[in-house]
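The structure file coords_3.cif is reproduced below (mmCIF, C-alpha atoms and all ligand atoms; chains and numbers go by the auth columns).
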data_my_file
#
loop_
_atom_site.group_PDB
_atom_site.id
_atom_site.type_symbol
_atom_site.label_atom_id
_atom_site.label_comp_id
_atom_site.label_asym_id
_atom_site.label_seq_id
_atom_site.Cartn_x
_atom_site.Cartn_y
_atom_site.Cartn_z
_atom_site.B_iso_or_equiv
_atom_site.auth_seq_id
_atom_site.auth_asym_id
ATOM 1 C CA MET A 1 0.000 0.000 0.000 0.00 84 A
ATOM 2 C CA ALA A 2 1.325 3.360 -0.976 0.00 85 A
ATOM 3 C CA ILE A 3 -0.466 5.112 1.893 0.00 86 A
ATOM 4 C CA ALA A 4 1.616 3.342 4.537 0.00 87 A
ATOM 5 C CA PRO A 5 5.305 4.255 4.904 0.00 88 A
ATOM 6 C CA PRO A 6 7.665 1.711 3.291 0.00 89 A
ATOM 7 C CA SER A 7 8.986 -0.956 5.648 0.00 90 A
ATOM 8 C CA GLU A 8 12.524 -0.158 4.522 0.00 91 A
ATOM 9 C CA ARG A 9 12.964 3.581 4.880 0.00 92 A
ATOM 10 C CA ILE A 10 15.735 3.744 2.266 0.00 93 A
ATOM 11 C CA TRP A 11 13.529 2.039 -0.305 0.00 94 A
ATOM 12 C CA TRP A 12 15.358 3.385 -3.340 0.00 95 A
ATOM 13 C CA ARG A 13 18.438 1.339 -2.447 0.00 96 A
ATOM 14 C CA GLU A 14 16.447 -1.913 -2.777 0.00 97 A
ATOM 15 C CA PRO A 15 17.351 -4.039 -5.769 0.00 98 A
ATOM 16 C CA ILE A 16 14.890 -3.735 -8.664 0.00 99 A
ATOM 17 C CA ALA A 17 13.239 -6.911 -9.848 0.00 100 A
ATOM 18 C CA ARG A 18 14.118 -7.724 -13.464 0.00 101 A
ATOM 19 C CA ILE A 19 10.503 -7.617 -14.619 0.00 102 A
ATOM 20 C CA GLU A 20 10.039 -4.198 -13.027 0.00 103 A
ATOM 21 C CA LEU A 21 13.161 -2.896 -14.715 0.00 104 A
ATOM 22 C CA ILE A 22 11.887 -4.167 -18.073 0.00 105 A
ATOM 23 C CA TRP A 23 8.632 -2.298 -17.577 0.00 106 A
ATOM 24 C CA ILE A 24 10.457 0.880 -16.601 0.00 107 A
ATOM 25 C CA VAL A 25 12.583 0.658 -19.770 0.00 108 A
ATOM 26 C CA ILE A 26 9.510 -0.034 -21.951 0.00 109 A
ATOM 27 C CA GLY A 27 7.540 2.810 -20.327 0.00 110 A
ATOM 28 C CA PHE A 28 10.390 5.289 -20.627 0.00 111 A
ATOM 29 C CA SER A 29 11.153 4.332 -24.238 0.00 112 A
ATOM 30 C CA TRP A 30 7.489 4.687 -25.191 0.00 113 A
ATOM 31 C CA GLY A 31 7.472 8.123 -23.551 0.00 114 A
ATOM 32 C CA LEU A 32 10.431 9.114 -25.737 0.00 115 A
ATOM 33 C CA VAL A 33 8.720 7.764 -28.856 0.00 116 A
ATOM 34 C CA MET A 34 5.569 9.766 -28.072 0.00 117 A
ATOM 35 C CA PHE A 35 7.598 12.875 -27.350 0.00 118 A
ATOM 36 C CA PHE A 36 9.510 12.781 -30.628 0.00 119 A
ATOM 37 C CA THR A 37 6.319 11.906 -32.496 0.00 120 A
ATOM 38 C CA MET A 38 4.942 15.300 -31.423 0.00 121 A
ATOM 39 C CA VAL A 39 7.954 17.052 -32.927 0.00 122 A
ATOM 40 C CA PHE A 40 7.936 14.878 -36.070 0.00 123 A
ATOM 41 C CA TRP A 41 4.169 15.182 -36.567 0.00 124 A
ATOM 42 C CA HIS A 42 4.266 18.932 -36.313 0.00 125 A
ATOM 43 C CA SER A 43 6.085 19.077 -39.651 0.00 126 A
ATOM 44 C CA VAL A 44 4.645 15.945 -41.278 0.00 127 A
ATOM 45 C CA GLY A 45 1.038 15.938 -40.053 0.00 128 A
ATOM 46 C CA GLU A 46 -1.245 18.275 -41.919 0.00 129 A
ATOM 47 C CA GLN A 47 -3.588 19.160 -39.075 0.00 130 A
ATOM 48 C CA ASN A 48 -1.180 21.151 -36.946 0.00 131 A
ATOM 49 C CA LEU A 49 -1.275 24.906 -36.922 0.00 132 A
ATOM 50 C CA SER A 50 1.928 26.849 -37.308 0.00 133 A
ATOM 51 C CA ASN A 51 0.635 29.935 -35.612 0.00 134 A
ATOM 52 C CA GLU A 52 2.462 32.907 -34.219 0.00 135 A
ATOM 53 C CA ALA A 53 1.528 34.785 -31.067 0.00 136 A
ATOM 54 C CA TYR A 54 2.180 38.396 -30.168 0.00 137 A
ATOM 55 C CA LYS A 55 1.351 40.437 -27.115 0.00 138 A
ATOM 56 C CA THR A 56 -1.397 42.954 -27.567 0.00 139 A
ATOM 57 C CA THR A 57 -4.138 44.593 -25.509 0.00 140 A
ATOM 58 C CA PRO A 58 -7.895 44.462 -26.082 0.00 141 A
ATOM 59 C CA GLU A 59 -7.802 48.209 -26.890 0.00 142 A
ATOM 60 C CA LYS A 60 -5.063 47.889 -29.518 0.00 143 A
ATOM 61 C CA PHE A 61 -6.671 44.863 -31.095 0.00 144 A
ATOM 62 C CA GLN A 62 -10.103 46.493 -31.109 0.00 145 A
ATOM 63 C CA ALA A 63 -8.563 49.463 -32.938 0.00 146 A
ATOM 64 C CA LYS A 64 -7.223 47.175 -35.703 0.00 147 A
ATOM 65 C CA VAL A 65 -10.619 45.493 -36.042 0.00 148 A
ATOM 66 C CA THR A 66 -12.437 48.835 -36.198 0.00 149 A
ATOM 67 C CA GLU A 67 -10.047 50.145 -38.837 0.00 150 A
ATOM 68 C CA MET A 68 -10.600 47.079 -41.023 0.00 151 A
ATOM 69 C CA VAL A 69 -14.391 47.197 -40.539 0.00 152 A
ATOM 70 C CA GLU A 70 -14.536 50.881 -41.484 0.00 153 A
ATOM 71 C CA GLN A 71 -12.462 50.346 -44.624 0.00 154 A
ATOM 72 C CA TYR A 72 -13.782 47.106 -46.055 0.00 155 A
ATOM 73 C CA THR A 73 -17.359 46.434 -44.940 0.00 156 A
ATOM 74 C CA VAL A 74 -19.440 45.269 -47.914 0.00 157 A
ATOM 75 C CA ARG A 75 -22.793 44.494 -46.260 0.00 158 A
ATOM 76 C CA ASP A 76 -24.191 43.351 -42.958 0.00 159 A
ATOM 77 C CA GLU A 77 -25.964 40.297 -41.657 0.00 160 A
ATOM 78 C CA ALA A 78 -28.304 40.725 -38.694 0.00 161 A
ATOM 79 C CA GLY A 79 -26.508 43.926 -37.766 0.00 162 A
ATOM 80 C CA ILE A 80 -23.009 42.442 -37.907 0.00 163 A
ATOM 81 C CA PRO A 81 -20.722 43.789 -40.638 0.00 164 A
ATOM 82 C CA VAL A 82 -19.434 41.461 -43.333 0.00 165 A
ATOM 83 C CA VAL A 83 -15.924 42.583 -44.166 0.00 166 A
ATOM 84 C CA ARG A 84 -14.088 41.812 -47.387 0.00 167 A
ATOM 85 C CA PRO A 85 -10.446 42.777 -46.931 0.00 168 A
ATOM 86 C CA PRO A 86 -8.030 42.684 -49.904 0.00 169 A
ATOM 87 C CA ALA A 87 -6.442 39.354 -50.778 0.00 170 A
ATOM 88 C CA GLY A 88 -3.121 38.826 -49.068 0.00 171 A
ATOM 89 C CA SER A 89 -3.823 41.289 -46.291 0.00 172 A
ATOM 90 C CA ASP A 90 -3.931 41.035 -42.530 0.00 173 A
ATOM 91 C CA VAL A 91 -7.474 40.279 -41.352 0.00 174 A
ATOM 92 C CA TYR A 92 -8.769 40.589 -37.813 0.00 175 A
ATOM 93 C CA MET A 93 -11.441 38.823 -35.834 0.00 176 A
ATOM 94 C CA LEU A 94 -12.162 39.307 -32.176 0.00 177 A
ATOM 95 C CA GLY A 95 -13.953 37.083 -29.705 0.00 178 A
ATOM 96 C CA ARG A 96 -16.022 38.539 -26.875 0.00 179 A
ATOM 97 C CA LEU A 97 -19.079 37.680 -24.805 0.00 180 A
ATOM 98 C CA TRP A 98 -20.756 36.218 -26.953 0.00 181 A
ATOM 99 C CA GLN A 99 -19.792 37.009 -30.448 0.00 182 A
ATOM 100 C CA TRP A 100 -17.144 36.583 -33.127 0.00 183 A
ATOM 101 C CA TYR A 101 -16.741 39.943 -34.785 0.00 184 A
ATOM 102 C CA PRO A 102 -16.866 40.816 -37.641 0.00 185 A
ATOM 103 C CA LEU A 103 -17.951 38.279 -40.287 0.00 186 A
ATOM 104 C CA LEU A 104 -15.324 37.838 -42.985 0.00 187 A
ATOM 105 C CA GLU A 105 -15.580 37.337 -46.710 0.00 188 A
ATOM 106 C CA LEU A 106 -12.434 35.883 -48.262 0.00 189 A
ATOM 107 C CA GLU A 107 -11.441 34.857 -51.757 0.00 190 A
ATOM 108 C CA LYS A 108 -10.805 31.253 -52.621 0.00 191 A
ATOM 109 C CA ASN A 109 -7.130 30.317 -53.149 0.00 192 A
ATOM 110 C CA GLN A 110 -5.875 33.605 -51.716 0.00 193 A
ATOM 111 C CA SER A 111 -3.796 33.767 -48.550 0.00 194 A
ATOM 112 C CA TYR A 112 -4.589 35.941 -45.567 0.00 195 A
ATOM 113 C CA ARG A 113 -2.953 36.483 -42.235 0.00 196 A
ATOM 114 C CA LEU A 114 -5.757 35.880 -39.787 0.00 197 A
ATOM 115 C CA HIS A 115 -5.370 37.585 -36.401 0.00 198 A
ATOM 116 C CA LEU A 116 -7.448 36.435 -33.449 0.00 199 A
ATOM 117 C CA ALA A 117 -7.719 37.851 -29.956 0.00 200 A
ATOM 118 C CA SER A 118 -10.229 37.980 -27.147 0.00 201 A
ATOM 119 C CA MET A 119 -11.618 41.130 -25.597 0.00 202 A
ATOM 120 C CA ASP A 120 -12.487 39.545 -22.261 0.00 203 A
ATOM 121 C CA TYR A 121 -12.134 35.863 -21.377 0.00 204 A
ATOM 122 C CA GLN A 122 -10.760 32.782 -23.040 0.00 205 A
ATOM 123 C CA HIS A 123 -12.712 31.665 -26.099 0.00 206 A
ATOM 124 C CA GLY A 124 -12.125 28.806 -28.493 0.00 207 A
ATOM 125 C CA PHE A 125 -12.065 29.514 -32.218 0.00 208 A
ATOM 126 C CA SER A 126 -13.337 26.389 -33.964 0.00 209 A
ATOM 127 C CA LEU A 127 -13.812 26.606 -37.725 0.00 210 A
ATOM 128 C CA GLN A 128 -16.322 24.110 -39.077 0.00 211 A
ATOM 129 C CA PRO A 129 -16.509 21.800 -40.939 0.00 212 A
ATOM 130 C CA VAL A 130 -12.730 21.882 -41.462 0.00 213 A
ATOM 131 C CA ASN A 131 -12.231 21.536 -37.706 0.00 214 A
ATOM 132 C CA LEU A 132 -9.462 24.085 -37.322 0.00 215 A
ATOM 133 C CA ASN A 133 -9.147 24.931 -33.628 0.00 216 A
ATOM 134 C CA ILE A 134 -7.221 27.501 -31.674 0.00 217 A
ATOM 135 C CA SER A 135 -7.545 29.025 -28.212 0.00 218 A
ATOM 136 C CA VAL A 136 -8.162 32.748 -28.159 0.00 219 A
ATOM 137 C CA HIS A 137 -6.965 34.753 -25.174 0.00 220 A
ATOM 138 C CA PRO A 138 -7.180 38.373 -24.115 0.00 221 A
ATOM 139 C CA GLY A 139 -3.796 40.059 -24.455 0.00 222 A
ATOM 140 C CA TYR A 140 -2.503 37.760 -27.198 0.00 223 A
ATOM 141 C CA ASP A 141 -2.754 38.218 -30.939 0.00 224 A
ATOM 142 C CA MET A 142 -2.773 34.728 -32.465 0.00 225 A
ATOM 143 C CA VAL A 143 -1.800 34.859 -36.115 0.00 226 A
ATOM 144 C CA MET A 144 -1.995 32.168 -38.741 0.00 227 A
ATOM 145 C CA THR A 145 -1.770 32.194 -42.498 0.00 228 A
ATOM 146 C CA ILE A 146 -4.868 30.705 -44.047 0.00 229 A
ATOM 147 C CA THR A 147 -5.629 29.876 -47.667 0.00 230 A
ATOM 148 C CA PRO A 148 -9.229 28.780 -48.215 0.00 231 A
ATOM 149 C CA THR A 149 -9.333 26.034 -50.830 0.00 232 A
ATOM 150 C CA ASP A 150 -13.116 25.601 -50.930 0.00 233 A
ATOM 151 C CA SER A 151 -15.784 28.195 -51.417 0.00 234 A
ATOM 152 C CA GLY A 152 -18.866 28.325 -49.235 0.00 235 A
ATOM 153 C CA GLU A 153 -19.981 29.338 -45.800 0.00 236 A
ATOM 154 C CA PHE A 154 -17.876 28.273 -42.837 0.00 237 A
ATOM 155 C CA THR A 155 -19.165 28.493 -39.299 0.00 238 A
ATOM 156 C CA ILE A 156 -17.077 29.420 -36.298 0.00 239 A
ATOM 157 C CA VAL A 157 -18.257 28.021 -33.009 0.00 240 A
ATOM 158 C CA CYS A 158 -16.802 28.765 -29.596 0.00 241 A
ATOM 159 C CA ASN A 159 -15.426 25.557 -28.116 0.00 242 A
ATOM 160 C CA GLU A 160 -14.273 26.976 -24.795 0.00 243 A
ATOM 161 C CA PHE A 161 -17.025 27.378 -22.223 0.00 244 A
ATOM 162 C CA CYS A 162 -17.362 31.114 -21.618 0.00 245 A
ATOM 163 C CA GLY A 163 -20.624 31.568 -19.764 0.00 246 A
ATOM 164 C CA ILE A 164 -24.359 31.701 -20.242 0.00 247 A
ATOM 165 C CA GLY A 165 -24.258 32.711 -23.935 0.00 248 A
ATOM 166 C CA HIS A 166 -21.441 30.336 -24.940 0.00 249 A
ATOM 167 C CA HIS A 167 -23.663 28.277 -27.249 0.00 250 A
ATOM 168 C CA LEU A 168 -24.765 31.462 -29.082 0.00 251 A
ATOM 169 C CA MET A 169 -21.222 32.528 -29.892 0.00 252 A
ATOM 170 C CA ILE A 170 -21.226 31.766 -33.592 0.00 253 A
ATOM 171 C CA GLY A 171 -19.324 33.528 -36.360 0.00 254 A
ATOM 172 C CA LYS A 172 -18.917 33.074 -40.077 0.00 255 A
ATOM 173 C CA ILE A 173 -16.342 33.169 -42.824 0.00 256 A
ATOM 174 C CA PHE A 174 -17.675 33.319 -46.358 0.00 257 A
ATOM 175 C CA VAL A 175 -15.344 32.069 -49.061 0.00 258 A
ATOM 176 C CA VAL A 176 -16.148 33.287 -52.550 0.00 259 A
ATOM 177 C CA GLU A 177 -14.736 32.339 -55.959 0.00 260 A
HETATM 178 CU CU1 LIG B . -16.802 32.021 -26.180 0.00 301 B
HETATM 179 CU CU2 LIG B . -17.603 29.923 -25.411 0.00 301 B
#
Write the structure described by the file as structure tokens, please.
Amino acid sequence: MAIAPPSERIWWREPIARIELIWIVIGFSWGLVMFFTMVFWHSVGEQNLSNEAYKTTPEKFQAKVTEMVEQYTVRDEAGIPVVRPPAGSDVYMLGRLWQWYPLLELEKNQSYRLHLASMDYQHGFSLQPVNLNISVHPGYDMVMTITPTDSGEFTIVCNEFCGIGHHLMIGKIFVVE
């Protein structure tokens, strides 16, 4: 029993049984395999994000979002602006209780640098149905380069519980030809 003190106080000087040693070696080796798989899979696996993160503040990030919204809004949906920034540019989306803002319209096969940050608490950006996921925090600007390869309407759900309106926190990215 692990709760009771060991009968021999200097228990680590006890000889190790061969079978126990074998298990320790197997367990440790498997740990190493799993560790290096993470490193290997980051470059080989296609589902891993190579994102960058920068320090920011909600005020600074909000200012970037506002600037983009004022320049490139093309229409609105239920009162939320749909923004169509130029291909290749930096695009901004913020998460806050309980909204992804603004909605984006992007061109197929063009690359954008997508910036994400939270205005308040932690949110989870989850792009469906491609299942691209990233945590969004206040104070950090998470940047990734995205190139939409399919046109259509993509839904963003929040996958980090953030309070009473969590399930209503839905955004959209429209990809057009
Ligand atoms: Cu934001 Cu859940």
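Using all atoms listed in the file, the residues found no farther than 6 Å from stretch 196-202 of chain A, other than those of its own chain fewer than 4 positions away, are A:Pro141, A:Asp173, A:Val174, A:Tyr175, A:Met176, A:Leu177, A:Gly178, A:Arg179, A:Val219, A:His220, A:Pro221, A:Tyr223, A:Asp224, A:Met225, A:Val226, A:Met227, A:Thr228.
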Which polymer residues have any atom within 10 Å of an atom of A:Lys255, counting only C-alpha atoms, with same-chain residues fewer than 5 positions away left out, as a PDB file with C-alpha atoms, keeping the file's coordinate frame?
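Output (selection.pdb):
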ATOM      1  CA  VAL A 165     -19.434  41.461 -43.333  1.00  0.00           C
ATOM      2  CA  TRP A 183     -17.144  36.583 -33.127  1.00  0.00           C
ATOM      3  CA  TYR A 184     -16.741  39.943 -34.785  1.00  0.00           C
ATOM      4  CA  PRO A 185     -16.866  40.816 -37.641  1.00  0.00           C
ATOM      5  CA  LEU A 186     -17.951  38.279 -40.287  1.00  0.00           C
ATOM      6  CA  LEU A 187     -15.324  37.838 -42.985  1.00  0.00           C
ATOM      7  CA  GLU A 188     -15.580  37.337 -46.710  1.00  0.00           C
ATOM      8  CA  LEU A 210     -13.812  26.606 -37.725  1.00  0.00           C
ATOM      9  CA  GLN A 211     -16.322  24.110 -39.077  1.00  0.00           C
ATOM     10  CA  GLU A 236     -19.981  29.338 -45.800  1.00  0.00           C
ATOM     11  CA  PHE A 237     -17.876  28.273 -42.837  1.00  0.00           C
ATOM     12  CA  THR A 238     -19.165  28.493 -39.299  1.00  0.00           C
ATOM     13  CA  ILE A 239     -17.077  29.420 -36.298  1.00  0.00           C
ATOM     14  CA  VAL A 240     -18.257  28.021 -33.009  1.00  0.00           C
TER      15      VAL A 240
END
The centre and edge lengths of an axis-aligned box containing all atoms of stretch 153-165 of chain A present in the file, extended by 6 Å on each side, are to be given in Å to one decimal, as AutoDock Vina command-line options.
--center_x -20.4 --center_y 45.6 --center_z -42.8 --size_x 27.8 --size_y 22.6 --size_z 22.1
Contacts to ligand LIG 301 (chain B) at 9 Å cut-off (all atoms listed in the file) as a list of chain:residue names | A:Gly178, A:Arg179, A:Leu180, A:Trp181, A:Gln182, A:Trp183, A:Ser201, A:Tyr204, A:Gln205, A:His206, A:Gly207, A:Phe208, A:Val219, A:Val240, A:Cys241, A:Asn242, A:Glu243, A:Phe244, A:Cys245, A:Gly246, A:Ile247, A:Gly248, A:His249, A:His250, A:Leu251, A:Met252, A:Ile253
Distance in Å - atom CA of A:Phe257 versus atom CA of A:Thr149 |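 One can read the atom CA of A:Phe257 to atom CA of A:Thr149 distance as 19.3 Å.
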Report as a PyMOL selection string the residues that result from applying the PyMOL selection byres (((chain A and resi 131) around 12) and not hetatm) to the structure here.
-> chain A and resi 121-130+132-134+214-217+227
Grab the residues selected above and save them as an mmCIF file, in the coordinates of the input with C-alpha atoms.
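Final output, saved to again.cif:
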data_model
loop_
_atom_site.group_PDB
_atom_site.id
_atom_site.type_symbol
_atom_site.label_atom_id
_atom_site.label_comp_id
_atom_site.auth_asym_id
_atom_site.auth_seq_id
_atom_site.Cartn_x
_atom_site.Cartn_y
_atom_site.Cartn_z
ATOM 1 C CA MET A 121 4.942 15.300 -31.423
ATOM 2 C CA VAL A 122 7.954 17.052 -32.927
ATOM 3 C CA PHE A 123 7.936 14.878 -36.070
ATOM 4 C CA TRP A 124 4.169 15.182 -36.567
ATOM 5 C CA HIS A 125 4.266 18.932 -36.313
ATOM 6 C CA SER A 126 6.085 19.077 -39.651
ATOM 7 C CA VAL A 127 4.645 15.945 -41.278
ATOM 8 C CA GLY A 128 1.038 15.938 -40.053
ATOM 9 C CA GLU A 129 -1.245 18.275 -41.919
ATOM 10 C CA GLN A 130 -3.588 19.160 -39.075
ATOM 11 C CA LEU A 132 -1.275 24.906 -36.922
ATOM 12 C CA SER A 133 1.928 26.849 -37.308
ATOM 13 C CA ASN A 134 0.635 29.935 -35.612
ATOM 14 C CA ASN A 214 -12.231 21.536 -37.706
ATOM 15 C CA LEU A 215 -9.462 24.085 -37.322
ATOM 16 C CA ASN A 216 -9.147 24.931 -33.628
ATOM 17 C CA ILE A 217 -7.221 27.501 -31.674
ATOM 18 C CA MET A 227 -1.995 32.168 -38.741
#
Ground truth for the PyMOL selection byres (((chain A and resi 230) around 8) and not hetatm), written as a ChimeraX atom specification = /A:191-195,228-229,231-232
What does the distance between atom CA of A:Glu160 and atom CA of A:Thr139 come to in Å, to one decimal place?
->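 Pair atom CA of A:Glu160 / atom CA of A:Thr139 returns 28.4 Å.
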Point-to-point distance in Å for atom CA of A:Ala170 and atom CA of A:Lys147 |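 Computing the Euclidean distance for atom CA of A:Lys147 and atom CA of A:Ala170 yields 17.0 Å.
Nearest to A:Pro212 of all the residues A:Arg158, A:Ile256, A:Gly171, A:Glu135 is A:Ile256, based on all atoms listed in the file.
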With distances taken over all atoms listed in the file, which of A:Glu260, A:Glu103, A:Asp159, A:Glu150 is nearest to A:Gly235?
-> A:Glu260
